[in-house]
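Trainee: Structure below; questions to follow.
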2 protein chains.
Amino acid sequence: MVCSGCSSSSATARLLPMSHQHVVLRRFLLGPLYWRPPFCSFPRTFKTLAVHSSASPSPVLAALIAPEASAKVIDGKSVAKQIRDEINTEVSRMKDTIGVVPGLAVILVGDRKDSATYVRNKKKSCELAGINSYEVRLPEDSTEQELLKFISDFNDDPSVHGILVQLPLPSHMNEQNILNAVCIEKDVDGFHPLNIGRLAMRGREPTFVPCTPKGCIELLHRYGISIKGKRAVVIGRSNIVGMPAALLLQREDATVSIVHSRTKNPEEFTRQADIIISAVGQPNMVRGSWIKPGAVIIDVGINPVEDPKSPRGYRLVGDVCYEEASKVASAITPVPGGVGPMTIAMLLSNTLISAKRMHNFQ
Amino acid sequence: MVCSGCSSSSATARLLPMSHQHVVLRRFLLGPLYWRPPFCSFPRTFKTLAVHSSASPSPVLAALIAPEASAKVIDGKSVAKQIRDEINTEVSRMKDTIGVVPGLAVILVGDRKDSATYVRNKKKSCELAGINSYEVRLPEDSTEQELLKFISDFNDDPSVHGILVQLPLPSHMNEQNILNAVCIEKDVDGFHPLNIGRLAMRGREPTFVPCTPKGCIELLHRYGISIKGKRAVVIGRSNIVGMPAALLLQREDATVSIVHSRTKNPEEFTRQADIIISAVGQPNMVRGSWIKPGAVIIDVGINPVEDPKSPRGYRLVGDVCYEEASKVASAITPVPGGVGPMTIAMLLSNTLISAKRMHNFQ
């Protein structure tokens, strides 16, 4: 029997012996308090098991395997399209009124395939939103000075309102020096420490909100999910997602806990959360048993796991075991199609904000 | 009967009718789960009650009122003195080696008595530590331009290594503009957003750590209290204490939750905490029942409450009901004499760090 769901020890698809199936059944009968599923897709596992078993399920068991309540899917792809359309309308109005088109410069150093794909997607999204894009590709062995020269030119170029240096940079470059060279008025990624400081401080406003966490909050807003007074848990404390996401949730009056690699029993925190934002890069780490019934799940993780059935040999899964979580949560983002498309939409949004600010256009 | 402990509704001392005392006794007998004390100093209340009662306490009750385990007192006054002595030694070494004495400039605008006291204390502490202090007092009706001129002069003055503008400023001044004018290399208060951004980001180092939260962490270090992997709860999210304290705890690998005025049931968070830092300005808000046995309590609050027995008519209490908390916690800072003296010690420490950095003195 091949189970395509989550595994507790690994995220790859697995072939399971029959003896294991009985363990699953036994644990299921013990009830949710005692049951720590080895699979994400439990009901499917159980149905497969029932086919192999000669006994019909008891009435109690039949009730237990009745279709479960399923979480609302937070459709990031659709929201991102909607935002892109809104940006397009604003870009047209700006062009018609003051003759200015927002411009985004993207700099790519080296030949990483994944980076090239991200840059291509950003360029395509700019086109769809009516934003001008300027692309620079530098060879892997470029010097910091060469890269800094391009950044300096874009800093001075009035047709460029946002500058993005695609990360990661080659190892011989100092990422901190490079990112600090982008002037804060064009730092549409929002990674500058001055920007992060303003985000952290009450009574201050960041120049730009970092794109991925901004996308997470935008999804909550667009789905009418209130944040104020809620318990929120952010999993992961990275500079680009976890930490700024926690700061944003706190700005909206959530009570925020940040769990990370040094947290003992992270599930004790997540089980108390009304809102979970996970950005940890561990496939299917957050199980159904980690989630409070009715919680809202924003899954930032995009993790490739082996999948022989896929033409590419792998598929993408989130940090959260979707099949389990969607039976417990009230709303959840899928992977892919959740937070991913929102990141680029927020990059376009920040570029538009920058252009409007520079030209004092309301 | 006058109770000098904490009150659940107010922090002022109160005169209690006898009927109320019986309620206290009854609640006590019901056990801790059902008992929400109206007083902080319960055993003292009980003893007073026993004097009024003709009955002797039962053996069970006698056992219950036996001396309780008392938390270790985290003596900020003594640690601050020790740090000041260490700084004094370093200042002498610096003077003897390169002929430079660290200098701190303090600017006070207006006639607020409390601010004048703080400035006087800072000046005195500088003297004790061997640091030069420069004081400017401006009248209440000074203009922003006049104040900015002094800041600019101190920014350019090589004998000044730290600049502190005493807050609050008169209402006609823009605090943000003023604080931003202090060059980041001399911002020994550590309030600049660039500094806060660096504090928030992994892999970055702040130029200075804000004094009060730095003092809190220093107390934990000096008392050998480990932070890594611990659950920490910070009460309050101010720019000068709560938020940077949370960032510091997280940098030391605690799992941090920040509770604030919008948090429902803050006691549910504090009861799970190994370390509590309270900086909320609510006298005796944190009760004994809010605290996990063995937790460590750092109380930043310094709140005046009415006290007719005091010559000044008031006394200072923390955010934490000390008498209750000291029976539950493993260690606790008193108020006064806990975090307060540490703030000035850390200001001196930051001034020394600044002077060493500017003169490249190890």
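So you can find residues: chains in the structure tokens are A, B, ... in the order shown, residues in each start at 1, and ligands are numbered from 1 in order.
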Would you pick out the contacts of Ile107 in chain A at 6 Å or less, using only C-alpha atoms, so that residues sharing its chain but fewer than 2 positions from it are not included, and give the list as a list of chain:residue names?
Mentor: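 So, after excluding close chain neighbours, the residues are A:Glu135, A:Val136, A:Val165.
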Trainee: Report as a list in words the set of chain A residues whose atoms approach chain B to within 6 Å, with distances computed over only C-alpha atoms.
Mentor: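 The selection requested is Pro193, Leu194, Ile196, Gly197, Arg198, Met201, Gly229, Asn239, Thr255, Val256, Ser257, Ile258, Val259, Arg262 and Thr263 of chain A.
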Trainee: Which one of A:Thr207, A:Ser326, A:Ser92, A:Asn132 sits closest to Val160 in chain A if you count only C-alpha atoms?
Mentor: A:Asn132
Trainee: Within 10 Å of Gly337 in chain B, counting only C-alpha atoms, which residues show up once you throw out same-chain ones fewer than 6 positions away? Write them as a ChimeraX atom specification, please.
Mentor: /B:74-80
Trainee: Quick one: write out the picked residues with C-alpha atoms as a short mmCIF file (atom, residue, chain, number, x, y, z; two decimals), in the first residue's frame?
Mentor:
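part13.cif written:
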```cif
data_model
loop_
_atom_site.label_atom_id
_atom_site.label_comp_id
_atom_site.auth_asym_id
_atom_site.auth_seq_id
_atom_site.Cartn_x
_atom_site.Cartn_y
_atom_site.Cartn_z
CA ILE B 74 18.15 39.10 42.79
CA ASP B 75 20.00 42.04 44.25
CA GLY B 76 20.24 44.61 41.46
CA LYS B 77 21.74 47.24 43.72
CA SER B 78 24.67 45.03 44.62
CA VAL B 79 25.20 43.77 41.05
CA ALA B 80 25.03 47.36 39.75
#
```
Trainee: Determine the nearest neighbour of Val280 in chain A from the options A:Asn88, A:Asn303, A:Ser115, A:Thr351, counting only C-alpha atoms.
Mentor: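 Under the stated criterion, the closest residue is A:Asn303.
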Trainee: Of the candidates B:Ile275, B:Gly224, B:Gly294, B:Gly130, which one gets nearest to Arg93 in chain B if we count only C-alpha atoms?
Mentor: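 Distance minimum relative to Arg93 in chain B lands on B:Gly130.
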Trainee: Would you compute the distance between CA of Glu324 in chain A and CA of Val241 in chain A? Give it in Å to one decimal.
Mentor: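 Going from CA of Glu324 in chain A over to CA of Val241 in chain A covers 24.0 Å.
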Trainee: Write out as a list in words which residues come within 12 Å of Asn174 in chain A when counting only C-alpha atoms, dropping same-chain ones fewer than 6 positions away.
Mentor: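 Skipping anything fewer than 6 positions along the chain leaves Thr143, Glu144, Gln145, Leu147, Leu148, Leu167, Pro168, Asn180 and Ala181 of chain A.
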Trainee: Could you take the residues named above and write them with N, CA, C and O atoms, as a PDB file, in the first residue's frame?
Mentor:
```pdb
ATOM      1  N   THR A 143      32.633  40.592  -9.203  1.00  0.00           N
ATOM      2  CA  THR A 143      33.127  41.093  -7.920  1.00  0.00           C
ATOM      3  C   THR A 143      32.003  41.866  -7.219  1.00  0.00           C
ATOM      4  O   THR A 143      31.028  42.286  -7.851  1.00  0.00           O
ATOM      5  N   GLU A 144      32.178  42.044  -5.898  1.00  0.00           N
ATOM      6  CA  GLU A 144      31.247  42.869  -5.135  1.00  0.00           C
ATOM      7  C   GLU A 144      31.182  44.269  -5.725  1.00  0.00           C
ATOM      8  O   GLU A 144      30.097  44.863  -5.811  1.00  0.00           O
ATOM      9  N   GLN A 145      32.337  44.790  -6.150  1.00  0.00           N
ATOM     10  CA  GLN A 145      32.382  46.145  -6.685  1.00  0.00           C
ATOM     11  C   GLN A 145      31.500  46.272  -7.929  1.00  0.00           C
ATOM     12  O   GLN A 145      30.784  47.258  -8.100  1.00  0.00           O
ATOM     13  N   LEU A 147      28.883  44.469  -8.682  1.00  0.00           N
ATOM     14  CA  LEU A 147      27.479  44.421  -8.266  1.00  0.00           C
ATOM     15  C   LEU A 147      27.075  45.741  -7.612  1.00  0.00           C
ATOM     16  O   LEU A 147      25.998  46.292  -7.907  1.00  0.00           O
ATOM     17  N   LEU A 148      27.955  46.269  -6.746  1.00  0.00           N
ATOM     18  CA  LEU A 148      27.647  47.528  -6.048  1.00  0.00           C
ATOM     19  C   LEU A 148      27.456  48.680  -7.042  1.00  0.00           C
ATOM     20  O   LEU A 148      26.638  49.571  -6.811  1.00  0.00           O
ATOM     21  N   LEU A 167      18.555  36.562  -3.843  1.00  0.00           N
ATOM     22  CA  LEU A 167      19.396  35.781  -2.936  1.00  0.00           C
ATOM     23  C   LEU A 167      19.206  34.295  -3.222  1.00  0.00           C
ATOM     24  O   LEU A 167      18.179  33.910  -3.763  1.00  0.00           O
ATOM     25  N   PRO A 168      20.147  33.419  -2.877  1.00  0.00           N
ATOM     26  CA  PRO A 168      21.434  33.723  -2.250  1.00  0.00           C
ATOM     27  C   PRO A 168      22.454  34.250  -3.255  1.00  0.00           C
ATOM     28  O   PRO A 168      22.367  33.959  -4.455  1.00  0.00           O
ATOM     29  N   ASN A 180      22.806  46.313   2.261  1.00  0.00           N
ATOM     30  CA  ASN A 180      22.873  47.657   2.850  1.00  0.00           C
ATOM     31  C   ASN A 180      23.076  48.743   1.792  1.00  0.00           C
ATOM     32  O   ASN A 180      22.795  49.911   2.046  1.00  0.00           O
ATOM     33  N   ALA A 181      23.604  48.339   0.613  1.00  0.00           N
ATOM     34  CA  ALA A 181      23.872  49.335  -0.433  1.00  0.00           C
ATOM     35  C   ALA A 181      22.595  49.789  -1.138  1.00  0.00           C
ATOM     36  O   ALA A 181      22.569  50.862  -1.748  1.00  0.00           O
TER      37      ALA A 181
END
```
Trainee: Between B:Pro336, B:Ser70, B:Tyr223, B:Gly242, which is the closest to Pro210 in chain B once you count only C-alpha atoms?
Mentor: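 Once distances to Pro210 in chain B are computed over only C-alpha atoms, the minimum belongs to B:Gly242.
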Trainee: Can you pull out every residue from range 112-337 of chain B that DSSP, working from the backbone, puts in alpha helix (DSSP H), and format the result as a CSV table (one decimal) with N, CA, C and O atoms, in the first residue's frame?
Mentor:
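Contents of result.csv, as written:
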```csv
chain,number,residue,atom,x,y,z
B,113,LYS,N,10.5,67.3,38.0
B,113,LYS,CA,11.3,66.9,39.2
B,113,LYS,C,11.9,65.5,39.0
B,113,LYS,O,13.1,65.2,39.3
B,114,ASP,N,11.0,64.5,38.5
B,114,ASP,CA,11.5,63.2,38.4
B,114,ASP,C,12.7,63.1,37.4
B,114,ASP,O,13.7,62.4,37.6
B,115,SER,N,12.5,63.8,36.3
B,115,SER,CA,13.6,63.8,35.3
B,115,SER,C,14.9,64.4,35.9
B,115,SER,O,16.0,63.9,35.6
B,116,ALA,N,14.8,65.5,36.7
B,116,ALA,CA,15.9,66.1,37.3
B,116,ALA,C,16.6,65.1,38.2
B,116,ALA,O,17.8,65.0,38.3
B,117,THR,N,15.8,64.3,39.0
B,117,THR,CA,16.4,63.3,39.8
B,117,THR,C,17.1,62.2,39.0
B,117,THR,O,18.2,61.9,39.4
B,118,TYR,N,16.5,61.8,37.9
B,118,TYR,CA,17.2,60.8,37.1
B,118,TYR,C,18.5,61.3,36.6
B,118,TYR,O,19.5,60.6,36.7
B,119,VAL,N,18.5,62.5,36.1
B,119,VAL,CA,19.7,63.1,35.6
B,119,VAL,C,20.8,63.2,36.7
B,119,VAL,O,22.0,62.9,36.5
B,120,ARG,N,20.4,63.7,37.9
B,120,ARG,CA,21.3,63.8,39.0
B,120,ARG,C,21.9,62.4,39.3
B,120,ARG,O,23.1,62.3,39.5
B,121,ASN,N,21.1,61.4,39.4
B,121,ASN,CA,21.6,60.0,39.6
B,121,ASN,C,22.6,59.6,38.6
B,121,ASN,O,23.6,58.9,38.9
B,122,LYS,N,22.3,59.9,37.3
B,122,LYS,CA,23.2,59.5,36.3
B,122,LYS,C,24.5,60.2,36.4
B,122,LYS,O,25.6,59.5,36.2
B,123,LYS,N,24.5,61.4,36.7
B,123,LYS,CA,25.7,62.2,36.9
B,123,LYS,C,26.6,61.6,38.1
B,123,LYS,O,27.8,61.4,37.9
B,124,LYS,N,25.9,61.3,39.2
B,124,LYS,CA,26.5,60.8,40.3
B,124,LYS,C,27.2,59.4,40.0
B,124,LYS,O,28.3,59.1,40.4
B,125,SER,N,26.4,58.6,39.3
B,125,SER,CA,26.9,57.3,38.9
B,125,SER,C,28.2,57.4,38.0
B,125,SER,O,29.1,56.6,38.1
B,126,CYS,N,28.1,58.4,37.1
B,126,CYS,CA,29.3,58.6,36.2
B,126,CYS,C,30.5,58.9,37.1
B,126,CYS,O,31.6,58.4,36.8
B,127,GLU,N,30.3,59.8,38.0
B,127,GLU,CA,31.4,60.1,38.9
B,127,GLU,C,32.0,58.9,39.6
B,127,GLU,O,33.2,58.7,39.7
B,128,LEU,N,31.1,58.1,40.1
B,128,LEU,CA,31.5,56.9,40.9
B,128,LEU,C,32.3,55.9,39.9
B,128,LEU,O,33.2,55.2,40.4
B,129,ALA,N,31.9,55.9,38.7
B,129,ALA,CA,32.6,55.0,37.7
B,129,ALA,C,33.8,55.6,37.0
B,129,ALA,O,34.5,55.0,36.2
B,144,GLU,N,13.0,73.2,19.3
B,144,GLU,CA,13.6,72.0,18.7
B,144,GLU,C,15.0,72.3,18.2
B,144,GLU,O,15.9,71.6,18.4
B,145,GLN,N,15.0,73.5,17.5
B,145,GLN,CA,16.3,73.9,16.8
B,145,GLN,C,17.4,74.1,17.9
B,145,GLN,O,18.5,73.6,17.7
B,146,GLU,N,17.0,74.7,19.0
B,146,GLU,CA,18.0,74.9,20.0
B,146,GLU,C,18.6,73.5,20.6
B,146,GLU,O,19.8,73.3,20.7
B,147,LEU,N,17.6,72.6,20.8
B,147,LEU,CA,18.0,71.3,21.3
B,147,LEU,C,18.9,70.6,20.3
B,147,LEU,O,19.9,70.0,20.6
B,148,LEU,N,18.4,70.6,19.0
B,148,LEU,CA,19.1,69.9,17.9
B,148,LEU,C,20.6,70.5,17.8
B,148,LEU,O,21.5,69.7,17.5
B,149,LYS,N,20.8,71.8,18.1
B,149,LYS,CA,22.1,72.4,18.0
B,149,LYS,C,23.0,71.7,19.0
B,149,LYS,O,24.2,71.4,18.7
B,150,PHE,N,22.5,71.5,20.3
B,150,PHE,CA,23.3,70.9,21.3
B,150,PHE,C,23.6,69.5,20.9
B,150,PHE,O,24.8,69.0,21.1
B,151,ILE,N,22.6,68.8,20.4
B,151,ILE,CA,22.9,67.4,20.0
B,151,ILE,C,24.0,67.3,18.9
B,151,ILE,O,24.9,66.5,19.0
B,152,SER,N,23.9,68.2,17.9
B,152,SER,CA,24.8,68.3,16.8
B,152,SER,C,26.2,68.5,17.4
B,152,SER,O,27.2,67.9,16.9
B,153,ASP,N,26.3,69.5,18.3
B,153,ASP,CA,27.7,69.8,18.9
B,153,ASP,C,28.2,68.6,19.6
B,153,ASP,O,29.4,68.2,19.5
B,154,PHE,N,27.4,67.9,20.4
B,154,PHE,CA,27.9,66.7,21.1
B,154,PHE,C,28.2,65.5,20.1
B,154,PHE,O,29.2,64.8,20.3
B,155,ASN,N,27.5,65.4,19.0
B,155,ASN,CA,27.8,64.5,18.0
B,155,ASN,C,29.2,64.7,17.5
B,155,ASN,O,30.0,63.7,17.2
B,156,ASP,N,29.6,66.0,17.3
B,156,ASP,CA,30.9,66.3,16.8
B,156,ASP,C,32.0,66.3,17.8
B,156,ASP,O,33.2,66.4,17.5
B,175,GLU,N,9.6,64.0,19.6
B,175,GLU,CA,10.6,63.1,20.2
B,175,GLU,C,11.4,62.3,19.2
B,175,GLU,O,12.6,62.1,19.3
B,176,GLN,N,10.6,61.8,18.1
B,176,GLN,CA,11.3,61.0,17.1
B,176,GLN,C,12.4,61.8,16.4
B,176,GLN,O,13.5,61.3,16.2
B,177,ASN,N,12.1,63.0,16.0
B,177,ASN,CA,13.1,63.9,15.3
B,177,ASN,C,14.3,64.1,16.2
B,177,ASN,O,15.5,64.0,15.7
B,178,ILE,N,14.1,64.3,17.5
B,178,ILE,CA,15.2,64.6,18.4
B,178,ILE,C,16.0,63.3,18.6
B,178,ILE,O,17.3,63.4,18.4
B,179,LEU,N,15.4,62.2,18.8
B,179,LEU,CA,16.2,61.0,19.1
B,179,LEU,C,16.9,60.6,17.8
B,179,LEU,O,18.1,60.1,17.9
B,180,ASN,N,16.3,60.8,16.6
B,180,ASN,CA,17.0,60.4,15.4
B,180,ASN,C,18.2,61.3,15.1
B,180,ASN,O,19.1,60.9,14.3
B,181,ALA,N,18.3,62.5,15.8
B,181,ALA,CA,19.4,63.4,15.6
B,181,ALA,C,20.7,62.9,16.3
B,181,ALA,O,21.8,63.3,15.9
B,193,PRO,N,16.0,53.3,15.7
B,193,PRO,CA,15.4,52.1,15.0
B,193,PRO,C,16.4,51.2,14.2
B,193,PRO,O,16.2,50.0,14.1
B,194,LEU,N,17.5,51.8,13.8
B,194,LEU,CA,18.5,51.0,13.1
B,194,LEU,C,19.1,50.0,14.1
B,194,LEU,O,19.4,48.8,13.8
B,195,ASN,N,19.3,50.5,15.3
B,195,ASN,CA,19.8,49.7,16.4
B,195,ASN,C,18.8,48.6,16.8
B,195,ASN,O,19.2,47.4,17.0
B,196,ILE,N,17.6,48.9,16.9
B,196,ILE,CA,16.5,48.0,17.2
B,196,ILE,C,16.4,46.9,16.1
B,196,ILE,O,16.3,45.7,16.3
B,197,GLY,N,16.5,47.4,14.8
B,197,GLY,CA,16.5,46.4,13.7
B,197,GLY,C,17.6,45.4,13.8
B,197,GLY,O,17.4,44.2,13.6
B,198,ARG,N,18.8,45.9,14.1
B,198,ARG,CA,19.9,45.0,14.2
B,198,ARG,C,19.8,44.0,15.4
B,198,ARG,O,20.2,42.9,15.3
B,199,LEU,N,19.1,44.5,16.5
B,199,LEU,CA,18.8,43.7,17.6
B,199,LEU,C,17.8,42.6,17.2
B,199,LEU,O,17.9,41.4,17.7
B,200,ALA,N,16.9,42.9,16.3
B,200,ALA,CA,15.9,41.9,15.9
B,200,ALA,C,16.4,40.9,15.0
B,200,ALA,O,15.9,39.7,14.9
B,211,CYS,N,19.4,50.1,27.6
B,211,CYS,CA,19.9,49.9,29.0
B,211,CYS,C,19.0,49.0,29.9
B,211,CYS,O,19.6,48.1,30.5
B,212,THR,N,17.7,49.3,30.0
B,212,THR,CA,16.9,48.5,30.9
B,212,THR,C,16.8,47.0,30.5
B,212,THR,O,17.1,46.2,31.4
B,213,PRO,N,16.5,46.7,29.3
B,213,PRO,CA,16.5,45.3,29.0
B,213,PRO,C,17.8,44.6,29.1
B,213,PRO,O,17.9,43.5,29.5
B,214,LYS,N,18.9,45.4,28.8
B,214,LYS,CA,20.3,44.8,28.9
B,214,LYS,C,20.5,44.5,30.4
B,214,LYS,O,21.1,43.5,30.8
B,215,GLY,N,20.0,45.4,31.3
B,215,GLY,CA,20.2,45.2,32.7
B,215,GLY,C,19.4,43.9,33.2
B,215,GLY,O,19.9,43.2,34.0
B,216,CYS,N,18.2,43.7,32.6
B,216,CYS,CA,17.5,42.5,33.0
B,216,CYS,C,18.3,41.2,32.6
B,216,CYS,O,18.4,40.3,33.4
B,217,ILE,N,18.8,41.2,31.4
B,217,ILE,CA,19.5,40.0,31.0
B,217,ILE,C,20.8,39.8,31.8
B,217,ILE,O,21.2,38.7,32.1
B,218,GLU,N,21.5,41.0,32.1
B,218,GLU,CA,22.7,40.9,32.8
B,218,GLU,C,22.4,40.3,34.2
B,218,GLU,O,23.2,39.5,34.7
B,219,LEU,N,21.3,40.7,34.8
B,219,LEU,CA,21.0,40.1,36.1
B,219,LEU,C,20.8,38.5,36.0
B,219,LEU,O,21.3,37.8,36.9
B,220,LEU,N,20.1,38.1,35.0
B,220,LEU,CA,20.0,36.6,34.8
B,220,LEU,C,21.4,36.0,34.6
B,220,LEU,O,21.7,35.0,35.2
B,221,HIS,N,22.2,36.6,33.8
B,221,HIS,CA,23.6,36.1,33.6
B,221,HIS,C,24.4,36.0,34.9
B,221,HIS,O,25.0,35.0,35.3
B,222,ARG,N,24.3,37.1,35.7
B,222,ARG,CA,25.2,37.2,36.9
B,222,ARG,C,24.7,36.2,38.0
B,222,ARG,O,25.4,35.9,38.9
B,242,GLY,N,9.9,46.4,27.0
B,242,GLY,CA,9.2,45.1,26.6
B,242,GLY,C,9.7,44.5,25.3
B,242,GLY,O,10.2,43.4,25.3
B,243,MET,N,9.6,45.3,24.3
B,243,MET,CA,10.0,44.8,22.9
B,243,MET,C,11.5,44.4,22.9
B,243,MET,O,11.8,43.3,22.5
B,244,PRO,N,12.4,45.3,23.2
B,244,PRO,CA,13.8,44.9,23.2
B,244,PRO,C,14.1,43.7,24.1
B,244,PRO,O,15.0,42.9,23.8
B,245,ALA,N,13.5,43.7,25.3
B,245,ALA,CA,13.7,42.6,26.2
B,245,ALA,C,13.3,41.2,25.5
B,245,ALA,O,14.1,40.2,25.7
B,246,ALA,N,12.2,41.2,24.8
B,246,ALA,CA,11.8,40.0,24.1
B,246,ALA,C,12.8,39.6,23.1
B,246,ALA,O,13.1,38.5,22.9
B,247,LEU,N,13.3,40.6,22.3
B,247,LEU,CA,14.3,40.4,21.3
B,247,LEU,C,15.6,39.8,21.9
B,247,LEU,O,16.2,38.9,21.3
B,248,LEU,N,16.0,40.3,23.0
B,248,LEU,CA,17.2,39.8,23.7
B,248,LEU,C,17.0,38.4,24.2
B,248,LEU,O,17.9,37.6,24.0
B,249,LEU,N,15.9,38.1,24.8
B,249,LEU,CA,15.6,36.7,25.3
B,249,LEU,C,15.7,35.8,24.1
B,249,LEU,O,16.2,34.7,24.2
B,250,GLN,N,15.1,36.2,22.9
B,250,GLN,CA,15.1,35.4,21.8
B,250,GLN,C,16.5,35.2,21.2
B,250,GLN,O,16.8,34.1,20.8
B,251,ARG,N,17.3,36.2,21.3
B,251,ARG,CA,18.7,36.0,20.8
B,251,ARG,C,19.4,35.0,21.7
B,251,ARG,O,20.4,34.4,21.2
B,266,PRO,N,-3.8,37.0,30.5
B,266,PRO,CA,-2.3,37.0,30.5
B,266,PRO,C,-1.8,36.0,31.5
B,266,PRO,O,-0.7,35.4,31.2
B,267,GLU,N,-2.5,35.7,32.5
B,267,GLU,CA,-2.0,34.7,33.5
B,267,GLU,C,-1.9,33.3,32.9
B,267,GLU,O,-1.1,32.5,33.4
B,268,GLU,N,-2.6,33.0,31.8
B,268,GLU,CA,-2.4,31.7,31.2
B,268,GLU,C,-1.1,31.6,30.6
B,268,GLU,O,-0.5,30.5,30.5
B,269,PHE,N,-0.5,32.7,30.1
B,269,PHE,CA,0.8,32.7,29.6
B,269,PHE,C,1.9,32.7,30.7
B,269,PHE,O,2.8,31.9,30.6
B,270,THR,N,1.7,33.5,31.7
B,270,THR,CA,2.7,33.6,32.7
B,270,THR,C,2.9,32.3,33.5
B,270,THR,O,3.9,32.0,33.9
B,322,TYR,N,5.2,41.2,45.2
B,322,TYR,CA,6.4,40.6,45.7
B,322,TYR,C,6.2,39.6,46.7
B,322,TYR,O,6.8,38.5,46.7
B,323,GLU,N,5.3,39.9,47.7
B,323,GLU,CA,5.2,39.0,48.8
B,323,GLU,C,4.6,37.6,48.4
B,323,GLU,O,5.0,36.6,48.9
B,324,GLU,N,3.6,37.7,47.5
B,324,GLU,CA,3.1,36.4,46.9
B,324,GLU,C,4.1,35.7,46.0
B,324,GLU,O,4.4,34.5,46.2
B,325,ALA,N,4.7,36.5,45.1
B,325,ALA,CA,5.6,35.9,44.1
B,325,ALA,C,6.8,35.3,44.7
B,325,ALA,O,7.3,34.2,44.3
B,326,SER,N,7.3,35.9,45.8
B,326,SER,CA,8.6,35.4,46.4
B,326,SER,C,8.3,34.1,47.1
B,326,SER,O,9.3,33.4,47.4
B,327,LYS,N,7.1,33.7,47.3
B,327,LYS,CA,6.8,32.3,47.8
B,327,LYS,C,6.7,31.3,46.8
B,327,LYS,O,6.6,30.1,47.1
B,328,VAL,N,6.5,31.7,45.5
B,328,VAL,CA,6.3,30.7,44.4
B,328,VAL,C,7.6,30.7,43.5
B,328,VAL,O,8.0,29.6,43.1
```
